[in-house]
Amino acid sequence: MFTPGSKLFLGLTGFVIAVSVIYVALVDSSVGGAVALLSVAIGTALLAGLSLFNRDGEVAVGDVAAPAGAEPLTSSMWPLVATVGFVGVVAGLLTHPIVFFLGLIALLAAGVEWLIQSWSEGASSDKTYNASIRGRMLHPLEFPVLALVGLGVIIISFSRVMLAVSKDAGAIIFIIAGAAVLFVGSVFALKPSLKKTLVVGVCVAGAVGVAASGIAAASNGLRDDLVKAKKEHHFSHKECGEEEGEHFDHLAEGTISLRSNVVATIELRDGKLTARELGVDKVTQTITFPRSNDATIIFRNKDEKEVRLTAFLGTKAVQDGVVEEVLNCTQMIGIDHEQALTFKIAKPSMASDKPYTLTVPGLEGQSIEIMVP
Amino acid sequence: MSTKIRRIVAGVSGLAATSFLAGCAKDAPQDTWQPKGTNAKIIDDLQQPVFAIAGVIGVIVTCAVIYCIIKFRDRGQAMPEQTHGKPALEIGMTILPALILAGVGVFTFRTVFDLSKTSDTQMVVNVTGQQWWWEYDYPAQPEMGITAPIITSGQMIIPVGTKVLLRETSRDVIHSYWIPALNGKRDAVPGRVHTLRLDADKPGIYAGQCTEFCGLSHANMRMETVALSKEDFAAWVANQLTNAKSPAEKTLAKEGEGVFLNQCVRCHQVNGLKKADGTPAIAAPDENVWSGAAPNLTHLMSRNTFAGASFDLLSPKCRADVWGASSETVGKKYLAGVSEECLNQTDLRRWLRNAPAMKPMYADPAKLTSTNGKYRGMPNLGLTEDDIDKLVAYLSTLK
Ligand SMILES: [Cu+2]
């Protein structure tokens with residue numbers, strides 16, 4: 001005797017098997033997709049067997065009479081979630097660990113929910129009471145998870161949008177979105193009599209809108225300059241020469257708040273580079289810099305053109321026989337502007353063939369020696 | 001008297017007696033009431049009157065409280081009339097302390113500004129804290145006879161009567177440099193350079209310790225400032241500017257140098273030490289120690305304490321001779337360094353045998369995941385007694 005439930009699952013099983021045959025034949029003969037589809041078939045077949053075995057959980061079917069006052073049980077979506085989770089686990093084993101873990105989470109969640117739901121449904125004959133104990137058990141788990149998932153979806157979607165549009169458009173979108181949230185929120189707060197369905201409708205529409213634009217933006221990819229930056233690694237690459245760098249010197253900072261407690265202040269004035277060490281009222285051409293310790297200097301440009309300060313910090317072997325200079329530098333500093341430069345020199349001066357120095361590229365004959373004890 | 005009251009009285013008088021007797025300690029080198037330098041005296045000039053004022057007020061308040069407790073104790077008398085508020089008295093009692101604090105405040109501010117003065121500095125020493133020892137480096141200062149940078153640890157040497165500016169920083173966590181006899185304390189903060197001025201009136205060895213909790217061996221992070229006469233200081237500088245000489249061939253010390261090259265040079269620098277191929281041996285503490293530094297041992301035997309000044313390099317008898325010397329003779333005795341007879345073999349050998357057993361350090365190779373395999377402190381290197389004999393012979397040559 002096939003119960004309605006088992007009929008559904010049997011039909012689904014047959015359908016999925018058919019689909020997988022077609023898929024292998026027409027779309028992709030590699031094993032991944034077929035395994036995914038077949039495991040769906042296994043899952044649905046399992047469920048078909050289960051519902052056949054317990055007759056859809058309906059005690060009223062067949063020879064046993066239902067007790068007086070018994071109501072039909074609530075339908076459950078958890079078997080379906082469990083199936084999806086199972087598929088995820090199997091597919092994840094073949095594709096990407098993240099799919100596996102998402103599947104595992106879905107499987108576990110479905111297991112817990114299903115268990116507690118069926119347990120609560122048998123708790124008493126009072127349906128509302130059963131629902132309430134289910135809620136008491138599961139809401140502390142469900143609500144935070146749902147909130148997290150909801151927030152995550154919105155944050156990720158919004159960030160995709162911001163990464164896809166230009167910086168200017170980003171600012172405008174942010175202002176409009178923020179203002180809209182503030183406005184709608186204020187209306188909700190000021191008019192508590194609004195219909196609940198309206199409030200929920202607006203919120204859902206908003207969330208769906210954000211998620212949809214997120215998906216659209218993500219499929220569009222990053223904006224051009226970010227794509228380029230990623231390709232060229234230019235955020236980590238400092239151009240320490242005389243020329244203005246294409247990326248590194250973009251939007252140079254010209255003022256700093258850290259003015260005290262630095263090792264030394266280096267100043268360029270009238271084509272002369274001089275140093276002043278902390279606590280010493282004297283101008284010098286040699287500064288002592290701590291060994292193997294991050295420390296900071298300030299570079300101040302009092303000259304007539306834009307320049308940078310470049311620190312030569314020794315050499316390092318990059319491959320056999322190939323030695324590269326280790327440089328660090330400020331950005332191009334405008335006239336009357338200043339910038340802090342933090343660096344570390346691991347080895348004492350005696351370990352370097354050439355002295356460690358601070359120079360201004362393009363300015364001959366001026367350098368400050370860095371003594372590392 | 002009931003037993004309860006008797007117990008309380010006994011407890012209180014015991015405590016009082018202990019604190020009183022503690023004040024009589026003879027060997028108390030970190031006594032803040034005995035300033036030995038200009039800045040310490042500036043602080044003392046403030047703390048003496050403040051302590052006196054606070055003491056007088058404290059005595060008055062205590063007496064008044066005791067008087068009230070006894071005079072108005074419960075003898076079953078009727079409840080006295082309850083009054084609420086006495087504006088004149090309350091306002092008076094607010095204004096009077098405010099005035100006292102304002103008075104103290106004025107002098108405190110003056111002292112703070114006096115102490116932070118650096119414009120007349122005569123000499124500079126960079127002081128770097130790390131778990132759990134202090135490193136000192138002296139930038140080249142030809143006017144002080146320092147023609148090339150000097151680097152040492154644990155004991156900082158300064159010329160007497162000279163205004164020395166310490167530029168403090170740290171390689172890991174916050175430490176604090178404090179020589180009570182010479183000045184107040186100043187934190188050494190990673191990424192920042194803080195200044196502190198010291199000077200000493202008379203030659204002597206002035207003890208101190210790190211006063212900012214800095215982890216496992218904070219209690220073993222001590223230091224000394226040694227003040228020498230100008231001539232003695234010049235002699236110390238001249239010696240520090242020399243490189244270590246390789247011991248003669250076929251000696252135990254020469255074998256020790258070999259062990260040192262194998263085992264120790266990856267952390268410890270000895271200036272002038274050459275590898276077998278004749279190139280200078282450059283230490284790499286930056287690759288092996290979390291803070292990126294280990295003490296420079298070029299002139300180990302010119303200092304008389306080691307490992308964060310926690311242990312003596314001098315045997316007890318020789319130590320008493322140097323540390324107990326008068327200010328006239330201490331310089332010569334200090335400069336003599338650690339001779340063969342005076343070397344504290346026990347503690348140095350114990351250190352080489354198993355350093356972390358002597359001073360708690362994070363030096364178990366199996367537990368260094370949080371520091372990417374780098375040590376915090378010196379590990380137990382599993383040396384044989386044979387190697388230790390050789391190393392002691394070699395280290396003794398590092399005068
Ligand atoms: Cu410390």
# chains A, B, ... in the order shown; residues from 1 in each chain; ligands from 1
$ residues_around --residues "Gly11 of chain A" --least-positions-apart "6" --cutoff "12 Å" --atoms "only C-alpha atoms" --output "ChimeraX atom specification"
/A:2,4-5,17-18,41,44-45,47-48
$ write_last_selection --atoms "all heavy atoms" --output "CSV table (one decimal), in the first residue's frame"
chain,number,residue,atom,x,y,z
A,2,PHE,N,0.9,2.0,-1.1
A,2,PHE,CA,1.7,3.2,-1.1
A,2,PHE,C,0.9,4.4,-0.5
A,2,PHE,O,-0.2,4.7,-0.8
A,2,PHE,CB,2.0,3.6,-2.6
A,2,PHE,CG,3.0,2.6,-3.2
A,2,PHE,CD1,2.6,1.8,-4.3
A,2,PHE,CD2,4.3,2.5,-2.7
A,2,PHE,CE1,3.5,1.0,-4.8
A,2,PHE,CE2,5.2,1.6,-3.3
A,2,PHE,CZ,4.8,0.9,-4.3
A,4,PRO,N,0.6,8.5,0.5
A,4,PRO,CA,0.8,9.7,-0.4
A,4,PRO,C,2.2,10.2,-0.3
A,4,PRO,O,2.8,10.5,-1.3
A,4,PRO,CB,-0.2,10.7,0.2
A,4,PRO,CG,-1.2,10.0,1.0
A,4,PRO,CD,-0.5,8.7,1.4
A,5,GLY,N,2.8,10.2,0.9
A,5,GLY,CA,4.1,10.6,1.1
A,5,GLY,C,5.1,9.8,0.3
A,5,GLY,O,6.0,10.3,-0.5
A,17,ILE,N,16.7,10.1,-11.0
A,17,ILE,CA,17.5,9.2,-11.7
A,17,ILE,C,17.4,9.5,-13.2
A,17,ILE,O,18.5,9.5,-13.9
A,17,ILE,CB,17.0,7.7,-11.4
A,17,ILE,CG1,17.3,7.4,-10.0
A,17,ILE,CG2,17.6,6.7,-12.4
A,17,ILE,CD1,16.7,6.1,-9.5
A,18,ALA,N,16.2,9.8,-13.7
A,18,ALA,CA,16.1,10.1,-15.1
A,18,ALA,C,17.0,11.3,-15.4
A,18,ALA,O,17.7,11.3,-16.4
A,18,ALA,CB,14.6,10.4,-15.4
A,41,ALA,N,19.0,11.1,-5.4
A,41,ALA,CA,18.1,9.9,-5.7
A,41,ALA,C,18.2,9.0,-4.5
A,41,ALA,O,17.1,8.5,-4.0
A,41,ALA,CB,18.5,9.2,-6.9
A,44,THR,N,16.2,10.6,-1.6
A,44,THR,CA,14.7,10.5,-1.8
A,44,THR,C,14.2,9.1,-1.7
A,44,THR,O,13.2,8.8,-1.1
A,44,THR,CB,14.3,11.1,-3.1
A,44,THR,OG1,15.1,10.6,-4.1
A,44,THR,CG2,14.4,12.6,-3.1
A,45,ALA,N,15.0,8.1,-2.2
A,45,ALA,CA,14.6,6.7,-2.1
A,45,ALA,C,14.6,6.3,-0.6
A,45,ALA,O,13.6,5.6,-0.2
A,45,ALA,CB,15.6,5.8,-2.8
A,47,LEU,N,13.9,8.3,1.9
A,47,LEU,CA,12.8,8.9,2.5
A,47,LEU,C,11.5,8.2,2.1
A,47,LEU,O,10.5,8.0,2.8
A,47,LEU,CB,12.7,10.4,2.1
A,47,LEU,CG,13.8,11.2,2.7
A,47,LEU,CD1,13.8,12.6,2.1
A,47,LEU,CD2,13.5,11.3,4.2
A,48,ALA,N,11.5,7.7,0.8
A,48,ALA,CA,10.3,7.0,0.3
A,48,ALA,C,10.2,5.7,1.2
A,48,ALA,O,9.1,5.4,1.6
A,48,ALA,CB,10.5,6.6,-1.2
$ interface_residues --of "chain A" --to "chain B" --cutoff "9 Å" --atoms "only C-alpha atoms" --output "PyMOL selection string"
chain A and resi 260-263+278-281+287-288+290-296+342+346-348+350-351+371-373
$ write_last_selection --atoms "N, CA and C atoms" --output "CSV table (one decimal), in the first residue's frame"
chain,number,residue,atom,x,y,z
A,260,SER,N,55.8,63.0,18.7
A,260,SER,CA,56.9,62.8,19.7
A,260,SER,C,57.2,61.4,19.8
A,261,ASN,N,58.2,61.0,20.6
A,261,ASN,CA,58.6,59.6,20.8
A,261,ASN,C,59.1,58.9,19.6
A,262,VAL,N,59.5,59.6,18.6
A,262,VAL,CA,60.1,59.0,17.4
A,262,VAL,C,61.7,59.0,17.6
A,263,VAL,N,62.3,58.2,16.9
A,263,VAL,CA,63.8,58.1,17.0
A,263,VAL,C,64.4,59.4,16.5
A,278,LEU,N,65.9,62.4,19.0
A,278,LEU,CA,65.1,62.7,20.1
A,278,LEU,C,65.9,63.0,21.3
A,279,GLY,N,65.6,64.1,22.0
A,279,GLY,CA,66.3,64.4,23.2
A,279,GLY,C,67.7,65.1,23.1
A,280,VAL,N,68.1,65.3,21.8
A,280,VAL,CA,69.4,65.9,21.6
A,280,VAL,C,69.2,67.2,20.8
A,281,ASP,N,69.7,68.3,21.4
A,281,ASP,CA,69.5,69.6,20.7
A,281,ASP,C,70.6,69.9,19.7
A,287,ILE,N,72.3,59.0,12.6
A,287,ILE,CA,71.4,58.7,13.7
A,287,ILE,C,71.6,57.2,14.1
A,288,THR,N,71.4,57.0,15.4
A,288,THR,CA,71.4,55.6,15.8
A,288,THR,C,70.0,55.1,15.8
A,290,PRO,N,67.5,51.6,16.6
A,290,PRO,CA,67.6,50.4,17.4
A,290,PRO,C,67.7,49.2,16.5
A,291,ARG,N,68.5,48.2,16.9
A,291,ARG,CA,68.7,47.0,16.1
A,291,ARG,C,67.5,46.0,16.4
A,292,SER,N,67.0,45.4,15.3
A,292,SER,CA,66.0,44.4,15.4
A,292,SER,C,64.8,44.9,16.2
A,293,ASN,N,64.3,46.0,15.9
A,293,ASN,CA,63.2,46.6,16.6
A,293,ASN,C,62.5,47.6,15.7
A,294,ASP,N,61.2,47.4,15.5
A,294,ASP,CA,60.5,48.4,14.7
A,294,ASP,C,60.5,49.8,15.4
A,295,ALA,N,60.9,50.8,14.6
A,295,ALA,CA,61.0,52.1,15.2
A,295,ALA,C,60.6,53.1,14.0
A,296,THR,N,60.4,54.3,14.4
A,296,THR,CA,59.8,55.3,13.5
A,296,THR,C,60.6,56.6,13.4
A,342,THR,N,58.1,53.9,9.4
A,342,THR,CA,58.5,52.9,10.4
A,342,THR,C,59.2,51.7,9.7
A,346,ALA,N,67.3,44.3,11.2
A,346,ALA,CA,67.5,43.2,12.0
A,346,ALA,C,69.0,43.0,12.4
A,347,LYS,N,69.9,43.4,11.5
A,347,LYS,CA,71.3,43.2,11.8
A,347,LYS,C,72.1,44.5,12.1
A,348,PRO,N,73.1,44.4,12.9
A,348,PRO,CA,73.9,45.6,13.2
A,348,PRO,C,74.6,46.1,11.9
A,350,MET,N,77.6,46.5,11.3
A,350,MET,CA,78.8,45.7,10.9
A,350,MET,C,78.5,44.5,10.0
A,351,ALA,N,77.2,44.2,10.0
A,351,ALA,CA,76.8,43.0,9.1
A,351,ALA,C,76.5,43.4,7.7
A,371,MET,N,73.2,54.3,12.0
A,371,MET,CA,74.1,53.5,12.7
A,371,MET,C,73.2,52.5,13.5
A,372,VAL,N,73.4,51.2,13.3
A,372,VAL,CA,72.7,50.2,14.1
A,372,VAL,C,73.7,49.4,14.9
A,373,PRO,N,73.6,49.6,16.2
A,373,PRO,CA,74.7,49.0,17.1
A,373,PRO,C,74.6,47.5,17.2
$ residues_near_ligand --ligand "ligand 1" --cutoff "6 Å" --atoms "only C-alpha atoms and all ligand atoms" --output "list of chain:residue names"
B:Trp132, B:His175, B:Cys210, B:Glu212, B:Cys214, B:His218, B:Met221
$ residues_around --residues "segment 379-395 of chain B" --least-positions-apart "4" --cutoff "10 Å" --atoms "only C-alpha atoms" --output "JSON, numbers by chain"
{"B": [246, 247, 251, 252, 253, 254, 255, 256, 257, 258, 259, 260, 263, 264, 289, 297, 298, 299, 300, 301, 340, 343, 345, 348, 349, 350, 351, 352, 353, 354, 355, 356, 357, 361, 362, 363, 364, 365, 375, 399]}
$ write_last_selection --atoms "N, CA, C and O atoms" --output "compact mmCIF listing (two decimals), in the first residue's frame"
# COMPACT_ATOMS: atom_id res chain seq x y z
N SER B 246 90.74 36.24 19.84
CA SER B 246 90.60 34.79 19.82
C SER B 246 91.63 34.17 20.77
O SER B 246 92.79 34.60 20.79
N PRO B 247 91.26 33.17 21.58
CA PRO B 247 92.22 32.55 22.50
C PRO B 247 93.34 31.86 21.74
O PRO B 247 93.19 31.53 20.56
N THR B 251 94.32 25.66 23.41
CA THR B 251 93.91 25.86 24.80
C THR B 251 92.47 25.41 24.93
O THR B 251 91.76 25.26 23.93
N LEU B 252 92.05 25.22 26.18
CA LEU B 252 90.67 24.83 26.43
C LEU B 252 89.74 25.93 25.94
O LEU B 252 88.67 25.69 25.35
N ALA B 253 90.18 27.21 26.14
CA ALA B 253 89.36 28.34 25.71
C ALA B 253 89.15 28.32 24.20
O ALA B 253 88.06 28.64 23.71
N LYS B 254 90.20 27.93 23.47
CA LYS B 254 90.07 27.88 22.01
C LYS B 254 89.03 26.84 21.60
O LYS B 254 88.21 27.06 20.70
N GLU B 255 89.05 25.71 22.30
CA GLU B 255 88.01 24.71 22.03
C GLU B 255 86.64 25.26 22.38
O GLU B 255 85.66 24.99 21.68
N GLY B 256 86.62 26.03 23.46
CA GLY B 256 85.35 26.66 23.86
C GLY B 256 84.84 27.59 22.79
O GLY B 256 83.63 27.67 22.54
N GLU B 257 85.77 28.27 22.11
CA GLU B 257 85.34 29.17 21.03
C GLU B 257 84.63 28.38 19.94
O GLU B 257 83.62 28.83 19.38
N GLY B 258 85.15 27.17 19.69
CA GLY B 258 84.51 26.32 18.69
C GLY B 258 83.10 25.94 19.10
O GLY B 258 82.16 26.01 18.30
N VAL B 259 82.95 25.56 20.36
CA VAL B 259 81.61 25.22 20.85
C VAL B 259 80.69 26.44 20.73
O VAL B 259 79.53 26.35 20.32
N PHE B 260 81.25 27.61 21.08
CA PHE B 260 80.46 28.84 21.02
C PHE B 260 79.96 29.10 19.60
O PHE B 260 78.80 29.43 19.38
N GLN B 263 77.14 26.56 18.96
CA GLN B 263 75.93 26.55 19.79
C GLN B 263 75.36 27.93 20.08
O GLN B 263 74.16 28.05 20.29
N CYS B 264 76.21 28.92 20.20
CA CYS B 264 75.76 30.14 20.84
C CYS B 264 75.64 31.31 19.87
O CYS B 264 74.86 32.24 20.10
N VAL B 289 65.12 34.39 18.49
CA VAL B 289 64.53 34.85 19.75
C VAL B 289 63.35 35.77 19.41
O VAL B 289 63.42 36.57 18.48
N LEU B 297 77.94 39.40 24.13
CA LEU B 297 78.82 38.83 25.16
C LEU B 297 80.29 39.25 24.99
O LEU B 297 81.17 38.71 25.66
N THR B 298 80.56 40.22 24.09
CA THR B 298 81.95 40.59 23.81
C THR B 298 82.74 40.88 25.09
O THR B 298 83.90 40.50 25.22
N HIS B 299 82.08 41.58 26.04
CA HIS B 299 82.78 41.94 27.27
C HIS B 299 82.01 41.42 28.48
O HIS B 299 81.83 42.13 29.47
N LEU B 300 81.55 40.19 28.35
CA LEU B 300 80.74 39.60 29.44
C LEU B 300 81.41 39.79 30.79
O LEU B 300 80.76 40.19 31.76
N MET B 301 82.71 39.51 30.88
CA MET B 301 83.36 39.51 32.19
C MET B 301 83.69 40.92 32.68
O MET B 301 84.33 41.09 33.70
N GLU B 340 89.67 35.11 37.02
CA GLU B 340 89.50 33.66 37.10
C GLU B 340 89.12 33.21 38.52
O GLU B 340 88.20 32.41 38.69
N LEU B 343 85.46 34.29 39.52
CA LEU B 343 84.30 33.87 38.73
C LEU B 343 83.38 32.96 39.55
O LEU B 343 83.81 32.01 40.19
N GLN B 345 81.71 30.26 39.35
CA GLN B 345 81.61 29.09 38.49
C GLN B 345 80.26 28.40 38.64
O GLN B 345 79.65 27.97 37.65
N LEU B 348 77.35 30.26 36.77
CA LEU B 348 77.54 30.31 35.31
C LEU B 348 77.37 28.92 34.71
O LEU B 348 76.72 28.74 33.68
N ARG B 349 77.92 27.91 35.40
CA ARG B 349 77.77 26.54 34.91
C ARG B 349 76.31 26.10 34.95
O ARG B 349 75.82 25.44 34.04
N ARG B 350 75.63 26.49 36.04
CA ARG B 350 74.23 26.14 36.17
C ARG B 350 73.44 26.75 35.00
O ARG B 350 72.56 26.12 34.42
N TRP B 351 73.78 27.98 34.64
CA TRP B 351 73.11 28.67 33.53
C TRP B 351 73.32 27.93 32.21
O TRP B 351 72.40 27.70 31.45
N LEU B 352 74.58 27.52 31.99
CA LEU B 352 74.88 26.84 30.72
C LEU B 352 74.26 25.45 30.69
O LEU B 352 73.87 24.95 29.64
N ARG B 353 74.16 24.83 31.86
CA ARG B 353 73.60 23.48 31.93
C ARG B 353 72.12 23.51 31.60
O ARG B 353 71.63 22.67 30.85
N ASN B 354 71.40 24.46 32.16
CA ASN B 354 69.95 24.51 31.95
C ASN B 354 69.43 25.88 32.37
O ASN B 354 68.95 26.06 33.50
N ALA B 355 69.53 26.83 31.47
CA ALA B 355 69.16 28.21 31.82
C ALA B 355 67.71 28.35 32.30
O ALA B 355 67.46 28.99 33.31
N PRO B 356 66.74 27.72 31.61
CA PRO B 356 65.35 27.93 32.04
C PRO B 356 65.06 27.36 33.43
O PRO B 356 64.06 27.74 34.04
N ALA B 357 65.92 26.46 33.91
CA ALA B 357 65.70 25.94 35.27
C ALA B 357 66.11 26.98 36.30
O ALA B 357 65.71 26.93 37.45
N MET B 361 61.68 30.82 31.73
CA MET B 361 61.63 31.44 30.40
C MET B 361 60.81 30.52 29.50
O MET B 361 60.66 29.34 29.79
N TYR B 362 60.28 31.06 28.44
CA TYR B 362 59.56 30.21 27.49
C TYR B 362 60.57 29.64 26.51
O TYR B 362 60.83 30.21 25.47
N ALA B 363 61.18 28.54 26.89
CA ALA B 363 62.29 28.05 26.10
C ALA B 363 62.18 26.56 25.84
O ALA B 363 63.16 25.91 25.53
N ASP B 364 60.96 26.01 25.98
CA ASP B 364 60.76 24.60 25.65
C ASP B 364 60.45 24.52 24.16
O ASP B 364 59.42 25.01 23.71
N PRO B 365 61.35 23.89 23.38
CA PRO B 365 61.17 23.88 21.92
C PRO B 365 59.82 23.32 21.50
O PRO B 365 59.32 23.63 20.42
N TYR B 375 62.33 31.51 20.62
CA TYR B 375 62.42 31.41 22.07
C TYR B 375 62.15 32.74 22.73
O TYR B 375 62.43 33.79 22.17
N LYS B 399 86.81 39.60 28.38
CA LYS B 399 86.98 40.59 29.46
C LYS B 399 86.46 41.97 29.05
O LYS B 399 86.68 42.40 27.96
$ residues_around --residues "Leu198 of chain B" --least-positions-apart "5" --cutoff "9 Å" --atoms "only C-alpha atoms" --output "PDB file with C-alpha atoms, in the first residue's frame"
ATOM      1  CA  GLY B  37      71.491  61.974  42.031  1.00  0.00           C
ATOM      2  CA  THR B  38      70.019  65.317  40.949  1.00  0.00           C
ATOM      3  CA  ASN B  39      66.679  64.085  39.705  1.00  0.00           C
ATOM      4  CA  ALA B  40      66.198  61.727  42.625  1.00  0.00           C
ATOM      5  CA  THR B 162      77.208  63.723  34.084  1.00  0.00           C
ATOM      6  CA  LYS B 163      73.679  64.360  32.903  1.00  0.00           C
ATOM      7  CA  VAL B 164      72.834  61.183  31.046  1.00  0.00           C
ATOM      8  CA  LEU B 165      69.760  60.905  28.852  1.00  0.00           C
ATOM      9  CA  LEU B 166      68.219  57.460  28.535  1.00  0.00           C
ATOM     10  CA  ILE B 179      66.857  53.010  39.596  1.00  0.00           C
ATOM     11  CA  LEU B 182      68.884  58.068  40.725  1.00  0.00           C
ATOM     12  CA  ASN B 183      65.409  58.982  39.434  1.00  0.00           C
TER      13      ASN B 183
END
$ residues_around --residues "segment 360-362 of chain A" --least-positions-apart "6" --cutoff "12 Å" --atoms "only C-alpha atoms" --output "ChimeraX atom specification"
/A:239-244,266-269,271-274,299-301,303,305-312,327-333,368
$ residues_around --residues "Trp114 of chain A" --least-positions-apart "2" --cutoff "12 Å" --atoms "only C-alpha atoms" --output "list in words"
Thr74, Ser75, Ser76, Met77, Trp78, Pro79, Leu80, Val81, Ala82, Ala106, Leu107, Leu108, Ala109, Ala110, Gly111, Val112, Ile116, Gln117, Ser118, Trp119, Ser120, Glu121, Arg134 and Leu138 of chain A
$ closest_residue --among "A:Ile297, A:Leu258, A:Leu190, A:Val326" --to "Arg276 of chain A" --atoms "only C-alpha atoms"
A:Ile297
$ closest_atom_pairs --of "segment 121-196 of chain A" --to "segment 212-229 of chain A" --cutoff "12 Å" --atoms "only C-alpha atoms" --output "tab-separated table"
residue	atom	partner	partner_atom	distance
A:Gly152	CA	A:Gly214	CA	11.8
A:Val153	CA	A:Gly214	CA	8.9
A:Ile154	CA	A:Gly214	CA	8.3
A:Ile155	CA	A:Gly214	CA	9.2
A:Ile156	CA	A:Gly214	CA	7.3
A:Ser157	CA	A:Gly214	CA	3.8
A:Phe158	CA	A:Gly214	CA	5.9
A:Ser159	CA	A:Gly214	CA	7.6
A:Arg160	CA	A:Gly214	CA	5.5
A:Val161	CA	A:Ala217	CA	5.2
A:Met162	CA	A:Ala217	CA	8.5
A:Leu163	CA	A:Leu222	CA	5.5
A:Ala164	CA	A:Leu222	CA	4.6
A:Val165	CA	A:Arg223	CA	6.0
A:Ser166	CA	A:Arg223	CA	6.5
A:Lys167	CA	A:Arg223	CA	9.1
A:Asp168	CA	A:Arg223	CA	11.9
A:Ala169	CA	A:Arg223	CA	11.3
A:Gly170	CA	A:Arg223	CA	11.0
A:Ile173	CA	A:Ser213	CA	11.9
$ write_last_selection --atoms "N, CA, C and O atoms" --output "CSV table (one decimal), in the first residue's frame"
chain,number,residue,atom,x,y,z
A,152,GLY,N,24.3,38.3,7.7
A,152,GLY,CA,25.4,38.0,6.8
A,152,GLY,C,25.1,38.2,5.3
A,152,GLY,O,25.9,38.8,4.6
A,153,VAL,N,23.9,37.7,5.0
A,153,VAL,CA,23.5,37.9,3.6
A,153,VAL,C,23.4,39.4,3.2
A,153,VAL,O,24.0,39.8,2.2
A,154,ILE,N,22.9,40.2,4.1
A,154,ILE,CA,22.8,41.6,3.8
A,154,ILE,C,24.2,42.3,3.7
A,154,ILE,O,24.5,43.0,2.8
A,155,ILE,N,25.0,42.0,4.7
A,155,ILE,CA,26.4,42.6,4.7
A,155,ILE,C,27.1,42.2,3.5
A,155,ILE,O,27.7,43.0,2.8
A,156,ILE,N,27.1,40.9,3.2
A,156,ILE,CA,27.9,40.4,2.0
A,156,ILE,C,27.4,41.0,0.7
A,156,ILE,O,28.1,41.5,-0.1
A,157,SER,N,26.0,41.0,0.6
A,157,SER,CA,25.5,41.6,-0.6
A,157,SER,C,25.9,43.1,-0.7
A,157,SER,O,26.3,43.5,-1.8
A,158,PHE,N,25.7,43.8,0.4
A,158,PHE,CA,26.0,45.2,0.3
A,158,PHE,C,27.5,45.5,0.0
A,158,PHE,O,27.9,46.3,-0.8
A,159,SER,N,28.4,44.7,0.6
A,159,SER,CA,29.8,44.9,0.3
A,159,SER,C,30.1,44.5,-1.1
A,159,SER,O,31.0,45.2,-1.7
A,160,ARG,N,29.4,43.5,-1.7
A,160,ARG,CA,29.7,43.2,-3.1
A,160,ARG,C,29.3,44.5,-4.0
A,160,ARG,O,30.0,44.8,-4.9
A,161,VAL,N,28.2,45.1,-3.6
A,161,VAL,CA,27.8,46.3,-4.4
A,161,VAL,C,28.9,47.4,-4.3
A,161,VAL,O,29.3,48.0,-5.3
A,162,MET,N,29.4,47.6,-3.1
A,162,MET,CA,30.3,48.7,-2.9
A,162,MET,C,31.6,48.4,-3.6
A,162,MET,O,32.3,49.3,-4.0
A,163,LEU,N,32.0,47.1,-3.7
A,163,LEU,CA,33.2,46.8,-4.4
A,163,LEU,C,33.1,46.9,-5.9
A,163,LEU,O,34.1,47.0,-6.6
A,164,ALA,N,31.8,46.8,-6.4
A,164,ALA,CA,31.6,46.8,-7.8
A,164,ALA,C,31.5,48.2,-8.4
A,164,ALA,O,31.9,48.5,-9.5
A,165,VAL,N,30.9,49.1,-7.6
A,165,VAL,CA,30.7,50.4,-8.2
A,165,VAL,C,31.9,51.3,-7.9
A,165,VAL,O,32.8,51.0,-7.1
A,166,SER,N,32.0,52.5,-8.6
A,166,SER,CA,33.1,53.4,-8.4
A,166,SER,C,33.0,54.0,-7.0
A,166,SER,O,32.0,54.0,-6.4
A,167,LYS,N,34.1,54.6,-6.6
A,167,LYS,CA,34.2,55.2,-5.3
A,167,LYS,C,33.2,56.3,-5.1
A,167,LYS,O,32.5,56.4,-4.0
A,168,ASP,N,33.0,57.1,-6.1
A,168,ASP,CA,32.0,58.2,-6.0
A,168,ASP,C,30.6,57.7,-5.9
A,168,ASP,O,29.8,58.0,-5.0
A,169,ALA,N,30.2,56.7,-6.8
A,169,ALA,CA,28.9,56.1,-6.7
A,169,ALA,C,28.7,55.4,-5.4
A,169,ALA,O,27.6,55.5,-4.8
A,170,GLY,N,29.8,54.8,-4.8
A,170,GLY,CA,29.7,54.1,-3.6
A,170,GLY,C,29.3,55.1,-2.5
A,170,GLY,O,28.4,54.8,-1.7
A,173,ILE,N,25.6,55.9,-2.9
A,173,ILE,CA,24.7,54.8,-2.6
A,173,ILE,C,24.6,54.6,-1.1
A,173,ILE,O,23.6,54.4,-0.5
$ atom_distance --atom1 "atom CA of Leu146 of chain A" --atom2 "atom CA of Ala189 of chain A"
23.4 Å
$ residues_around --residues "Ser39 of chain A" --least-positions-apart "6" --cutoff "12 Å" --atoms "only C-alpha atoms" --output "list in words"
Thr13, Val16, Ile17, Ser20, Gly32, Gly33, Ala45, Leu46, Thr83, Val84, Gly85, Phe86, Val87, Gly88, Val89, Val90, Ala91 and Gly92 of chain A
